[in-house]
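Comments concern the structure below.
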Amino acid sequence: MYDIQKRAQSLQTELNRALDRIGFADLSNQLAELNKQCQAPDFWQDNLRAQEIVKKQAKLEKRVSPWLSLQKSLQDIIEFSAMGDESLQTDLKNQLKSVEDNFQTLKDDLKFSGLYDERDAILTIYAGTGGTDAQDWAQMLMRMYVRWAEKNRYEVKTIDESAGDEAGIKSATLEISGDFVYGKLKGEHGVHRLVRLSPYNADNLRQTSFAKVDVLPKIDQPEEIEIDDKDLRIDVYRSGGHGGQSVNTTDSAVRVTHIPTGITVAIQNERSQLQNKAAAMTIIRSRLAQLQLEQHAEKISEIKGPNEQATWGNQIRSYVLHPYKQVKDLRTKYETSDPETVLDGGLDPFINAYLEYNLDQ
């Protein structure tokens, strides 16, 4: 029985460290607060808000419950093993083995211990150096992330898209929704480099192109990131491009600028000015949240503008289609000689390698 008790106590120490890492106490408090709100008599008077709360409650419950169950099972084993009843030894040994196995499975949760890791993600792709090739490369990346999301059964919504001059896109913003999407995609943030024979070059020469990928946690509740109205400049203008008659003939496009940081977001995809403004404000809040994390700022007022030069210099991955085939992550050193699979959405090995790498930092 001593061996069982010793193993259980050692596992309890490891479990406590894991619970601290994921902020289990805070998660439990958040869940308790949501449960309290759901029990309020007037809860369903604001139907849209109630649906959002129920959605958050279910998401938190799904995350908290397995850890809570594991914690209780381990405490029971420790208590019964302390009794010294030899007749319970076989049962306790089997129960402990089950708890140990469950803990190993739950340890994947430790990869998502960041403040916003459980959130949906707002992913923006910008064509960089390389002209038409870079714009085509940006569109290839957009397709890669859409295919990855589809393979994982995540929901994808195009918030904004700017077509390239001859081919591809100048930029595109996607909202990808699902469990831990931001936690999985945050490692994609940075510059992506493509080397290939250019289809847009008359001599079919080798071309190097760049595109930047921004990944933000979706912050859609104003109270989460409070912004002073006087810090915003909102411009309304006429939408251009595709979108139907009502889009093209009304001043529905919106450009929102956060004056202290210089962050600017322009949205014209939605049909109404209010929808475009709401989408722009979500991205503004999300960018401020990301900058707050990066700059370790306690308050929004302390945040400086984004350092674009440093971001563009942050090359994270190379995709080589000629003279050989290789995709290599420059941080984790993970690589594959099958770029076609990666560009068709096969990103999970790179995502998992980054999560393991990040866990050790």
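In the structure tokens, chains take the letters A, B, ... in the order shown, each chain's residues start at 1, and ligands count up from 1 in the order shown.
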Neighbouring residues of Phe112 in chain A were defined as those with any atom within 10 Å, considering only C-alpha atoms; residues of the same chain fewer than 6 positions away were excluded. Please report them as a ChimeraX atom specification. /A:21-22,118,180-184,355,358-359
Looking only at alpha helix (DSSP H) from DSSP on the backbone, list the matching residues of range 149-269 of chain A as an NGL selection string. :A and (149-151 or 181-185 or 245-248)
Residues within 8 Å of range 324-338 of chain A, only C-alpha atoms, excluding chain neighbours under 3 positions, as a ChimeraX atom specification: /A:315-321,341-342,350,353-354,357
Would you pick out the contacts of range 291-293 of chain A at 9 Å or less, using only C-alpha atoms, so that residues sharing its chain but fewer than 2 positions from it are not included, and give the list as a ChimeraX atom specification? /A:115,286-289,295-300,302-306
Excluding Leu232 in chain A and any residue of its chain fewer than 6 positions from it, enumerate the residues within 7 Å of it, using only C-alpha atoms, and give them as number ranges by chain. A: 256-259
Residues as selected, N, CA and C atoms, written as an mmCIF file, in the first residue's frame, can you do that?
data_model
loop_
_atom_site.group_PDB
_atom_site.id
_atom_site.type_symbol
_atom_site.label_atom_id
_atom_site.label_comp_id
_atom_site.auth_asym_id
_atom_site.auth_seq_id
_atom_site.Cartn_x
_atom_site.Cartn_y
_atom_site.Cartn_z
ATOM 1 N N VAL A 256 -11.542 52.302 -38.886
ATOM 2 C CA VAL A 256 -11.389 52.680 -37.478
ATOM 3 C C VAL A 256 -9.901 52.767 -37.160
ATOM 4 N N THR A 257 -9.492 53.889 -36.567
ATOM 5 C CA THR A 257 -8.095 54.091 -36.173
ATOM 6 C C THR A 257 -8.001 54.286 -34.667
ATOM 7 N N HIS A 258 -7.145 53.490 -34.038
ATOM 8 C CA HIS A 258 -6.854 53.688 -32.614
ATOM 9 C C HIS A 258 -5.695 54.669 -32.552
ATOM 10 N N ILE A 259 -5.987 55.911 -32.217
ATOM 11 C CA ILE A 259 -5.028 57.013 -32.351
ATOM 12 C C ILE A 259 -3.741 56.810 -31.551
#
To one decimal in Å, tell me the separation between CA of Ile227 in chain A and CA of Lys186 in chain A. 23.8 Å
